file start-v5.pdb (PDB, C-alpha atoms, pLDDT in the B column)
ATOM      1  CA  GLU O 106      11.056 -13.673   1.124  1.00 86.00           C
ATOM      2  CA  VAL O 107       9.987 -11.464   4.013  1.00 92.00           C
ATOM      3  CA  TYR O 108      12.792 -12.284   6.450  1.00 94.00           C
ATOM      4  CA  ARG O 109      16.515 -12.457   5.811  1.00 92.00           C
ATOM      5  CA  ASP O 110      18.252 -15.667   6.783  1.00 94.00           C
ATOM      6  CA  SER O 111      20.430 -13.736   9.224  1.00 95.00           C
ATOM      7  CA  GLN O 112      22.360 -15.235  12.125  1.00 97.00           C
ATOM      8  CA  TRP O 113      19.665 -13.930  14.469  1.00 96.00           C
ATOM      9  CA  TYR O 114      16.973 -15.629  12.389  1.00 96.00           C
ATOM     10  CA  GLN O 115      18.967 -18.862  12.304  1.00 96.00           C
ATOM     11  CA  ALA O 116      19.582 -18.792  16.057  1.00 97.00           C
ATOM     12  CA  PHE O 117      15.904 -18.372  16.884  1.00 96.00           C
ATOM     13  CA  SER O 118      14.989 -21.080  14.365  1.00 97.00           C
ATOM     14  CA  THR O 119      17.140 -23.632  16.186  1.00 95.00           C
ATOM     15  CA  GLY O 120      15.205 -26.619  17.444  1.00 94.00           C
ATOM     16  CA  GLY O 121      12.122 -25.757  15.449  1.00 94.00           C
ATOM     17  CA  GLY O 122      11.789 -22.258  16.910  1.00 95.00           C
ATOM     18  CA  ASP O 123      10.323 -19.240  15.142  1.00 95.00           C
ATOM     19  CA  GLY O 124      13.113 -17.271  13.503  1.00 94.00           C
ATOM     20  CA  ARG O 125      10.977 -14.143  13.469  1.00 96.00           C
ATOM     21  CA  GLU O 126      10.776 -13.992  17.228  1.00 96.00           C
ATOM     22  CA  TYR O 127      13.968 -11.997  17.744  1.00 96.00           C
ATOM     23  CA  ILE O 128      12.350  -8.973  16.097  1.00 97.00           C
ATOM     24  CA  ARG O 129       9.311  -9.093  18.364  1.00 96.00           C
ATOM     25  CA  ILE O 130      11.549  -9.504  21.414  1.00 96.00           C
ATOM     26  CA  ALA O 131      13.645  -6.500  20.373  1.00 97.00           C
ATOM     27  CA  PHE O 132      10.585  -4.269  20.090  1.00 97.00           C
ATOM     28  CA  HIS O 133       9.125  -5.583  23.331  1.00 97.00           C
ATOM     29  CA  ALA O 134      12.414  -4.931  25.158  1.00 97.00           C
ATOM     30  CA  ALA O 135      12.556  -1.400  23.758  1.00 98.00           C
ATOM     31  CA  ARG O 136       9.009  -0.723  24.954  1.00 96.00           C
ATOM     32  CA  LEU O 137       9.821  -2.022  28.432  1.00 97.00           C
ATOM     33  CA  ALA O 138      12.981   0.087  28.571  1.00 98.00           C
ATOM     34  CA  ASP O 139      11.143   3.290  27.638  1.00 98.00           C
ATOM     35  CA  PRO O 140       7.343   3.113  27.575  1.00 96.00           C
ATOM     36  CA  ASP O 141       7.171   6.628  26.103  1.00 97.00           C
ATOM     37  CA  ALA O 142       9.531   6.003  23.189  1.00 97.00           C
ATOM     38  CA  LEU O 143       8.177   5.935  19.653  1.00 98.00           C
ATOM     39  CA  LEU O 144       9.109   2.639  18.037  1.00 99.00           C
ATOM     40  CA  PHE O 145       9.707   2.553  14.307  1.00 99.00           C
ATOM     41  CA  ILE O 146      10.682  -0.191  11.911  1.00 98.00           C
ATOM     42  CA  ASN O 147      13.031   1.254   9.302  1.00 98.00           C
ATOM     43  CA  ASP O 148      13.651  -0.168   5.827  1.00 98.00           C
ATOM     44  CA  TYR O 149      14.617   0.724   2.267  1.00 98.00           C
ATOM     45  CA  SER O 150      12.680   0.642  -1.007  1.00 98.00           C
ATOM     46  CA  THR O 151       9.360   1.142   0.751  1.00 99.00           C
ATOM     47  CA  GLU O 152       8.173   3.157  -2.252  1.00 99.00           C
ATOM     48  CA  ASN O 153       7.855  -0.292  -3.834  1.00 98.00           C
ATOM     49  CA  PRO O 154       4.392  -1.628  -2.868  1.00 98.00           C
ATOM     50  CA  ALA O 155       5.617  -5.225  -2.662  1.00 98.00           C
ATOM     51  CA  LYS O 156       8.459  -4.274  -0.331  1.00 98.00           C
ATOM     52  CA  LEU O 157       6.204  -2.134   1.845  1.00 99.00           C
ATOM     53  CA  ALA O 158       3.739  -5.011   2.112  1.00 98.00           C
ATOM     54  CA  LYS O 159       6.537  -7.188   3.517  1.00 98.00           C
ATOM     55  CA  VAL O 160       7.464  -4.529   6.072  1.00 98.00           C
ATOM     56  CA  LEU O 161       3.848  -4.275   7.180  1.00 98.00           C
ATOM     57  CA  GLU O 162       3.694  -8.062   7.435  1.00 98.00           C
ATOM     58  CA  ILE O 163       6.540  -7.840   9.950  1.00 98.00           C
ATOM     59  CA  VAL O 164       4.617  -5.156  11.839  1.00 98.00           C
ATOM     60  CA  ASP O 165       1.594  -7.457  11.990  1.00 98.00           C
ATOM     61  CA  TYR O 166       3.749 -10.227  13.439  1.00 97.00           C
ATOM     62  CA  ILE O 167       5.289  -7.934  16.058  1.00 97.00           C
ATOM     63  CA  GLU O 168       1.877  -6.693  17.170  1.00 98.00           C
ATOM     64  CA  ALA O 169       0.086 -10.057  17.073  1.00 96.00           C
ATOM     65  CA  SER O 170       1.053 -10.933  20.649  1.00 90.00           C
ATOM     66  CA  GLY O 171      -0.556  -7.746  21.958  1.00 94.00           C
ATOM     67  CA  GLU O 172       2.558  -6.931  23.987  1.00 92.00           C
ATOM     68  CA  VAL O 173       3.864  -4.063  21.885  1.00 96.00           C
ATOM     69  CA  THR O 174       2.697  -1.620  19.230  1.00 97.00           C
ATOM     70  CA  VAL O 175       4.871  -0.354  16.394  1.00 98.00           C
ATOM     71  CA  ASP O 176       4.310   3.395  16.157  1.00 99.00           C
ATOM     72  CA  GLY O 177       5.509   3.988  12.642  1.00 99.00           C
ATOM     73  CA  ILE O 178       7.534   3.197   9.556  1.00 99.00           C
ATOM     74  CA  GLY O 179      10.865   4.767   8.674  1.00 99.00           C
ATOM     75  CA  HIS O 180      11.383   5.063   4.927  1.00 99.00           C
ATOM     76  CA  GLN O 181      14.812   4.955   3.323  1.00 99.00           C
ATOM     77  CA  PHE O 182      14.003   6.621   0.017  1.00 99.00           C
ATOM     78  CA  HIS O 183      17.103   6.138  -2.132  1.00 99.00           C
ATOM     79  CA  LEU O 184      15.603   7.202  -5.426  1.00 99.00           C
ATOM     80  CA  GLN O 185      16.691   7.708  -9.010  1.00 98.00           C
ATOM     81  CA  ARG O 186      15.999  10.611 -11.305  1.00 96.00           C
ATOM     82  CA  SER O 187      13.375   8.439 -13.010  1.00 96.00           C
ATOM     83  CA  SER O 188      11.544   7.652  -9.749  1.00 98.00           C
ATOM     84  CA  ARG O 189       7.954   8.820  -9.290  1.00 98.00           C
ATOM     85  CA  ALA O 190       6.730  11.062  -6.499  1.00 99.00           C
ATOM     86  CA  GLU O 191       3.374   9.288  -6.858  1.00 99.00           C
ATOM     87  CA  ASP O 192       4.935   6.061  -5.574  1.00 99.00           C
ATOM     88  CA  VAL O 193       6.253   7.829  -2.486  1.00 99.00           C
ATOM     89  CA  ASP O 194       2.855   9.429  -1.945  1.00 99.00           C
ATOM     90  CA  ALA O 195       1.161   6.037  -2.140  1.00 99.00           C
ATOM     91  CA  ALA O 196       3.603   4.523   0.359  1.00 99.00           C
ATOM     92  CA  LEU O 197       3.030   7.280   2.903  1.00 99.00           C
ATOM     93  CA  LYS O 198      -0.731   6.937   2.475  1.00 99.00           C
ATOM     94  CA  THR O 199      -0.609   3.164   2.917  1.00 99.00           C
ATOM     95  CA  VAL O 200       1.214   3.551   6.217  1.00 99.00           C
ATOM     96  CA  ALA O 201      -1.098   6.341   7.384  1.00 99.00           C
ATOM     97  CA  ASP O 202      -4.131   4.210   6.534  1.00 99.00           C
ATOM     98  CA  ARG O 203      -2.757   1.609   8.931  1.00 98.00           C
ATOM     99  CA  GLY O 204      -2.793   4.197  11.703  1.00 98.00           C
ATOM    100  CA  LYS O 205       0.986   4.503  11.751  1.00 99.00           C
ATOM    101  CA  LEU O 206       3.350   7.468  11.675  1.00 99.00           C
ATOM    102  CA  ASN O 207       5.770   8.104   8.808  1.00 99.00           C
ATOM    103  CA  ARG O 208       9.373   9.286   8.900  1.00 99.00           C
ATOM    104  CA  VAL O 209      11.675   9.700   5.924  1.00 99.00           C
ATOM    105  CA  THR O 210      14.914   8.644   7.571  1.00 99.00           C
ATOM    106  CA  GLU O 211      17.079   8.631   4.440  1.00 99.00           C
ATOM    107  CA  LEU O 212      16.512  10.623   1.252  1.00 99.00           C
ATOM    108  CA  ASP O 213      18.657  11.115  -1.806  1.00 99.00           C
ATOM    109  CA  ILE O 214      18.056  11.101  -5.550  1.00 99.00           C
ATOM    110  CA  SER O 215      20.673   9.717  -7.916  1.00 99.00           C
ATOM    111  CA  ILE O 216      21.193  11.785 -11.057  1.00 98.00           C
ATOM    112  CA  TYR O 217      21.407   8.495 -12.939  1.00 98.00           C
ATOM    113  CA  SER O 218      18.578   6.253 -14.116  1.00 97.00           C
ATOM    114  CA  ASP O 219      19.889   2.703 -13.981  1.00 97.00           C
ATOM    115  CA  PRO O 220      18.318  -0.668 -14.807  1.00 97.00           C
ATOM    116  CA  GLY O 221      17.931  -3.374 -12.192  1.00 96.00           C
ATOM    117  CA  SER O 222      21.052  -5.142 -13.455  1.00 98.00           C
ATOM    118  CA  CYS O 223      23.160  -2.204 -12.287  1.00 98.00           C
ATOM    119  CA  PHE O 224      22.137  -2.807  -8.684  1.00 96.00           C
ATOM    120  CA  ALA O 225      22.173  -6.603  -8.934  1.00 96.00           C
ATOM    121  CA  SER O 226      25.492  -7.112 -10.698  1.00 97.00           C
ATOM    122  CA  GLY O 227      26.966  -3.710 -11.571  1.00 96.00           C
ATOM    123  CA  THR O 228      26.151  -4.152 -15.257  1.00 97.00           C
ATOM    124  CA  GLY O 229      24.257  -1.842 -17.582  1.00 98.00           C
ATOM    125  CA  CYS O 230      24.889   1.176 -15.359  1.00 98.00           C
ATOM    126  CA  GLN O 231      24.670   4.619 -16.908  1.00 97.00           C
ATOM    127  CA  ALA O 232      28.047   6.103 -17.838  1.00 97.00           C
ATOM    128  CA  ASP O 233      29.766   8.432 -15.379  1.00 98.00           C
ATOM    129  CA  TYR O 234      29.117  12.119 -16.025  1.00 97.00           C
ATOM    130  CA  GLY O 235      32.454  12.855 -14.380  1.00 96.00           C
ATOM    131  CA  MET O 236      33.637  15.625 -12.080  1.00 96.00           C
ATOM    132  CA  ASP O 237      32.828  18.471 -14.464  1.00 95.00           C
ATOM    133  CA  PHE O 238      29.364  19.652 -13.472  1.00 91.00           C
ATOM    134  CA  SER O 239      28.949  21.466 -16.792  1.00 90.00           C
ATOM    135  CA  ALA O 240      29.168  18.103 -18.574  1.00 93.00           C
ATOM    136  CA  ILE O 241      25.849  17.037 -17.079  1.00 96.00           C
ATOM    137  CA  PRO O 242      22.970  17.775 -19.477  1.00 97.00           C
ATOM    138  CA  GLN O 243      20.728  20.593 -18.269  1.00 97.00           C
ATOM    139  CA  SER O 244      17.746  18.283 -18.679  1.00 98.00           C
ATOM    140  CA  VAL O 245      19.231  15.932 -16.072  1.00 98.00           C
ATOM    141  CA  VAL O 246      19.850  18.735 -13.570  1.00 98.00           C
ATOM    142  CA  SER O 247      16.345  20.088 -14.125  1.00 98.00           C
ATOM    143  CA  GLU O 248      14.661  16.689 -13.779  1.00 98.00           C
ATOM    144  CA  HIS O 249      16.577  16.131 -10.549  1.00 98.00           C
ATOM    145  CA  ALA O 250      15.301  19.438  -9.168  1.00 99.00           C
ATOM    146  CA  GLU O 251      11.755  18.757 -10.361  1.00 98.00           C
ATOM    147  CA  LEU O 252      11.638  15.438  -8.532  1.00 99.00           C
ATOM    148  CA  TYR O 253      12.909  16.984  -5.307  1.00 99.00           C
ATOM    149  CA  ARG O 254      10.225  19.668  -5.598  1.00 98.00           C
ATOM    150  CA  ALA O 255       7.529  17.075  -6.298  1.00 98.00           C
ATOM    151  CA  LEU O 256       8.610  14.977  -3.327  1.00 99.00           C
ATOM    152  CA  PHE O 257       8.483  17.837  -0.867  1.00 98.00           C
ATOM    153  CA  ALA O 258       5.092  18.843  -2.222  1.00 98.00           C
ATOM    154  CA  VAL O 259       3.970  15.307  -1.390  1.00 99.00           C
ATOM    155  CA  PHE O 260       5.576  15.412   2.046  1.00 99.00           C
ATOM    156  CA  LYS O 261       3.664  18.564   2.960  1.00 98.00           C
ATOM    157  CA  GLN O 262       0.373  16.783   2.263  1.00 98.00           C
ATOM    158  CA  HIS O 263       0.903  14.093   4.904  1.00 99.00           C
ATOM    159  CA  ASP O 264       0.087  14.984   8.500  1.00 98.00           C
ATOM    160  CA  THR O 265       1.504  11.654   9.676  1.00 99.00           C
ATOM    161  CA  LEU O 266       4.953  12.495   8.288  1.00 99.00           C
ATOM    162  CA  GLN O 267       7.057  13.682  11.215  1.00 98.00           C
ATOM    163  CA  LEU O 268      10.428  14.380   9.619  1.00 98.00           C
ATOM    164  CA  VAL O 269      12.535  14.187   6.470  1.00 99.00           C
ATOM    165  CA  THR O 270      16.288  13.557   6.678  1.00 99.00           C
ATOM    166  CA  THR O 271      18.512  13.758   3.609  1.00 99.00           C
ATOM    167  CA  TRP O 272      21.134  11.020   3.474  1.00 99.00           C
ATOM    168  CA  GLY O 273      24.024  13.445   3.478  1.00 98.00           C
ATOM    169  CA  VAL O 274      24.504  17.177   3.095  1.00 98.00           C
ATOM    170  CA  HIS O 275      26.601  17.726  -0.023  1.00 98.00           C
ATOM    171  CA  ASP O 276      27.670  15.752  -3.069  1.00 98.00           C
ATOM    172  CA  ALA O 277      31.310  15.277  -2.060  1.00 98.00           C
ATOM    173  CA  HIS O 278      30.207  12.955   0.726  1.00 98.00           C
ATOM    174  CA  THR O 279      27.587  10.523  -0.513  1.00 99.00           C
ATOM    175  CA  TRP O 280      27.543   6.747  -0.564  1.00 98.00           C
ATOM    176  CA  LEU O 281      26.313   6.936  -4.164  1.00 98.00           C
ATOM    177  CA  ASN O 282      29.805   7.938  -5.313  1.00 98.00           C
ATOM    178  CA  SER O 283      30.765   4.305  -4.742  1.00 98.00           C
ATOM    179  CA  TRP O 284      27.489   2.375  -5.110  1.00 97.00           C
ATOM    180  CA  PRO O 285      26.211   0.554  -7.097  1.00 97.00           C
ATOM    181  CA  VAL O 286      29.412   1.368  -9.001  1.00 98.00           C
ATOM    182  CA  THR O 287      32.155   3.939  -8.533  1.00 98.00           C
ATOM    183  CA  ARG O 288      31.278   7.145 -10.366  1.00 98.00           C
ATOM    184  CA  THR O 289      30.565  10.790  -9.593  1.00 98.00           C
ATOM    185  CA  ASN O 290      27.020  11.199  -8.362  1.00 98.00           C
ATOM    186  CA  ARG O 291      25.218  14.358  -7.290  1.00 98.00           C
ATOM    187  CA  PRO O 292      22.186  13.193  -5.297  1.00 99.00           C
ATOM    188  CA  LEU O 293      21.906  15.884  -2.628  1.00 99.00           C
ATOM    189  CA  LEU O 294      20.769  19.489  -2.269  1.00 99.00           C
ATOM    190  CA  PHE O 295      24.259  21.021  -2.065  1.00 98.00           C
ATOM    191  CA  ASP O 296      27.093  20.550  -4.563  1.00 97.00           C
ATOM    192  CA  ARG O 297      30.623  19.333  -3.865  1.00 97.00           C
ATOM    193  CA  ASP O 298      31.623  22.865  -2.818  1.00 97.00           C
ATOM    194  CA  ARG O 299      28.628  23.091  -0.471  1.00 98.00           C
ATOM    195  CA  ASN O 300      26.761  25.535  -2.682  1.00 97.00           C
ATOM    196  CA  PRO O 301      22.967  25.184  -2.979  1.00 98.00           C
ATOM    197  CA  LYS O 302      21.878  23.484  -6.195  1.00 98.00           C
ATOM    198  CA  LEU O 303      18.786  23.927  -8.334  1.00 98.00           C
ATOM    199  CA  ALA O 304      17.212  21.146  -6.296  1.00 98.00           C
ATOM    200  CA  PHE O 305      17.680  23.162  -3.102  1.00 99.00           C
ATOM    201  CA  TRP O 306      15.961  26.235  -4.499  1.00 98.00           C
ATOM    202  CA  ALA O 307      13.219  24.083  -5.988  1.00 98.00           C
ATOM    203  CA  VAL O 308      12.473  22.771  -2.497  1.00 98.00           C
ATOM    204  CA  VAL O 309      12.676  25.971  -0.454  1.00 98.00           C
ATOM    205  CA  ASP O 310      11.059  28.350  -2.951  1.00 97.00           C
ATOM    206  CA  PRO O 311       7.870  27.189  -4.703  1.00 90.00           C
ATOM    207  CA  THR O 312       8.096  30.187  -7.056  1.00 94.00           C
ATOM    208  CA  PHE O 313      11.618  29.353  -8.199  1.00 97.00           C
ATOM    209  CA  GLU O 314      11.598  28.620 -11.926  1.00 98.00           C
ATOM    210  CA  ILE O 315      13.529  25.491 -12.826  1.00 98.00           C
ATOM    211  CA  PRO O 316      15.201  25.996 -16.232  1.00 96.00           C
TER     212      PRO O 316
END

call {"tool": "encode", "arguments": {"input": "start-v5.pdb", "output": "structure tokens"}}
result
Amino acid sequence: EVYRDSQWYQAFSTGGGDGREYIRIAFHAARLADPDALLFINDYSTENPAKLAKVLEIVDYIEASGEVTVDGIGHQFHLQRSSRAEDVDAALKTVADRGKLNRVTELDISIYSDPGSCFASGTGCQADYGMDFSAIPQSVVSEHAELYRALFAVFKQHDTLQLVTTWGVHDAHTWLNSWPVTRTNRPLLFDRDRNPKLAFWAVVDPTFEIP
């Protein structure tokens, strides 16, 4: 499915109408309100090629009338420690090849590596490492930092990428402490006491040696 069966979609589908039309109208109205504004469509899991293809299908629909152009794609990259920087690279390239701008509007990396069932039903999730940071295996902390470094190396290669926003500042305030299950997560660049983590130094200093 490309479109959610939302109340907006249902309303515009009434009487045989096109449920997709509300999205095109929203973008057209935004363009009329501010002709100089950059218009982005923002979605999650765009590192998944199938999901990104659906987002671009929506872009094609919006632009088909010729009334409005979508300037770019906003990527909500909520990744896991086992995620691949190559997938993010491919997503940014796909968007750039369409002549669109890229923005990473949400970025965090869970220290856990969970199966799909964890996100679908809260089952099979990796056990909580707990509040004691020293209880987290060094390999986990290092892999987390390595992925952050790899991602920012990718980001620097894309001229169409305008900005990167982390989805939070420090680990005490992250949505991943309560989703997909309640447990202590550490997905950001600063720890719960607002101290820079290995991941921070891995990003800002290319010469920093990750243990």

call {"tool": "resolve_selection", "arguments": {"input": "start-v5.pdb", "expression": "the PyMOL selection byres ((chain O and resi 129) around 12)", "output": "MDAnalysis selection string"}}
result
chainID O and resid 114 117 123:128 130:136 144 146 163:175

call {"tool": "write_last_selection", "arguments": {"input": "start-v5.pdb", "atoms": "C-alpha atoms", "output": "PDB file, in the frame of the given file"}}
result
ATOM      1  CA  TYR O 114      16.973 -15.629  12.389  1.00 96.00           C
ATOM      2  CA  PHE O 117      15.904 -18.372  16.884  1.00 96.00           C
ATOM      3  CA  ASP O 123      10.323 -19.240  15.142  1.00 95.00           C
ATOM      4  CA  GLY O 124      13.113 -17.271  13.503  1.00 94.00           C
ATOM      5  CA  ARG O 125      10.977 -14.143  13.469  1.00 96.00           C
ATOM      6  CA  GLU O 126      10.776 -13.992  17.228  1.00 96.00           C
ATOM      7  CA  TYR O 127      13.968 -11.997  17.744  1.00 96.00           C
ATOM      8  CA  ILE O 128      12.350  -8.973  16.097  1.00 97.00           C
ATOM      9  CA  ILE O 130      11.549  -9.504  21.414  1.00 96.00           C
ATOM     10  CA  ALA O 131      13.645  -6.500  20.373  1.00 97.00           C
ATOM     11  CA  PHE O 132      10.585  -4.269  20.090  1.00 97.00           C
ATOM     12  CA  HIS O 133       9.125  -5.583  23.331  1.00 97.00           C
ATOM     13  CA  ALA O 134      12.414  -4.931  25.158  1.00 97.00           C
ATOM     14  CA  ALA O 135      12.556  -1.400  23.758  1.00 98.00           C
ATOM     15  CA  ARG O 136       9.009  -0.723  24.954  1.00 96.00           C
ATOM     16  CA  LEU O 144       9.109   2.639  18.037  1.00 99.00           C
ATOM     17  CA  ILE O 146      10.682  -0.191  11.911  1.00 98.00           C
ATOM     18  CA  ILE O 163       6.540  -7.840   9.950  1.00 98.00           C
ATOM     19  CA  VAL O 164       4.617  -5.156  11.839  1.00 98.00           C
ATOM     20  CA  ASP O 165       1.594  -7.457  11.990  1.00 98.00           C
ATOM     21  CA  TYR O 166       3.749 -10.227  13.439  1.00 97.00           C
ATOM     22  CA  ILE O 167       5.289  -7.934  16.058  1.00 97.00           C
ATOM     23  CA  GLU O 168       1.877  -6.693  17.170  1.00 98.00           C
ATOM     24  CA  ALA O 169       0.086 -10.057  17.073  1.00 96.00           C
ATOM     25  CA  SER O 170       1.053 -10.933  20.649  1.00 90.00           C
ATOM     26  CA  GLY O 171      -0.556  -7.746  21.958  1.00 94.00           C
ATOM     27  CA  GLU O 172       2.558  -6.931  23.987  1.00 92.00           C
ATOM     28  CA  VAL O 173       3.864  -4.063  21.885  1.00 96.00           C
ATOM     29  CA  THR O 174       2.697  -1.620  19.230  1.00 97.00           C
ATOM     30  CA  VAL O 175       4.871  -0.354  16.394  1.00 98.00           C
TER      31      VAL O 175
END

call {"tool": "resolve_selection", "arguments": {"input": "start-v5.pdb", "expression": "the PyMOL selection byres ((chain O and resi 262) around 12)", "output": "VMD selection string"}}
result
chain O and resid 193 to 195 197 to 198 201 255 to 261 263 to 267

call {"tool": "closest_residue", "arguments": {"input": "start-v5.pdb", "among": "O:Asp298, O:Asp176, O:Asp139, O:Glu191", "to": "Asn153 of chain O", "atoms": "all atoms listed in the file"}}
result
O:Glu191

call {"tool": "closest_residue", "arguments": {"input": "start-v5.pdb", "among": "O:Gln115, O:Ser215, O:Ser247, O:Asn300", "to": "Asn282 of chain O", "atoms": "only C-alpha atoms"}}
result
O:Ser215

call {"tool": "atom_distance", "arguments": {"input": "start-v5.pdb", "atom1": "atom CA of Thr289 of chain O", "atom2": "atom CA of Gly221 of chain O"}}
result
19.2 Å

call {"tool": "resolve_selection", "arguments": {"input": "start-v5.pdb", "expression": "the PyMOL selection byres ((chain O and resi 287) around 12)", "output": "NGL selection string"}}
result
:O and (223 or 227 or 230-235 or 279-286 or 288-290)

call {"tool": "atom_distance", "arguments": {"input": "start-v5.pdb", "atom1": "atom CA of Ile216 of chain O", "atom2": "atom CA of Gln185 of chain O"}}
result
6.4 Å

call {"tool": "closest_residue", "arguments": {"input": "start-v5.pdb", "among": "O:Ala277, O:Leu137, O:Leu184, O:Leu212", "to": "Arg297 of chain O", "atoms": "only C-alpha atoms"}}
result
O:Ala277

call {"tool": "atom_distance", "arguments": {"input": "start-v5.pdb", "atom1": "atom CA of Phe295 of chain O", "atom2": "atom CA of Ala225 of chain O"}}
result
28.5 Å

call {"tool": "axis_aligned_box", "arguments": {"input": "start-v5.pdb", "around": "segment 147-162 of chain O", "padding_each_side": "4 Å", "output": "JSON"}}
result
{"center_x": 9.2, "center_y": -2.5, "center_z": 2.7, "size_x": 18.9, "size_y": 19.2, "size_z": 21.1}

call {"tool": "residues_around", "arguments": {"input": "start-v5.pdb", "residues": "Val309 of chain O", "least_positions_apart": "3", "cutoff": "12 Å", "atoms": "all atoms listed in the file", "output": "mmCIF file with C-alpha atoms, in the coordinates of the input"}}
result
data_model
loop_
_atom_site.group_PDB
_atom_site.id
_atom_site.type_symbol
_atom_site.label_atom_id
_atom_site.label_comp_id
_atom_site.auth_asym_id
_atom_site.auth_seq_id
_atom_site.Cartn_x
_atom_site.Cartn_y
_atom_site.Cartn_z
ATOM 1 C CA ALA O 250 15.301 19.438 -9.168
ATOM 2 C CA TYR O 253 12.909 16.984 -5.307
ATOM 3 C CA ARG O 254 10.225 19.668 -5.598
ATOM 4 C CA ALA O 255 7.529 17.075 -6.298
ATOM 5 C CA PHE O 257 8.483 17.837 -0.867
ATOM 6 C CA ALA O 258 5.092 18.843 -2.222
ATOM 7 C CA LEU O 294 20.769 19.489 -2.269
ATOM 8 C CA PRO O 301 22.967 25.184 -2.979
ATOM 9 C CA LYS O 302 21.878 23.484 -6.195
ATOM 10 C CA LEU O 303 18.786 23.927 -8.334
ATOM 11 C CA ALA O 304 17.212 21.146 -6.296
ATOM 12 C CA PHE O 305 17.680 23.162 -3.102
ATOM 13 C CA TRP O 306 15.961 26.235 -4.499
ATOM 14 C CA THR O 312 8.096 30.187 -7.056
ATOM 15 C CA PHE O 313 11.618 29.353 -8.199
ATOM 16 C CA GLU O 314 11.598 28.620 -11.926
#
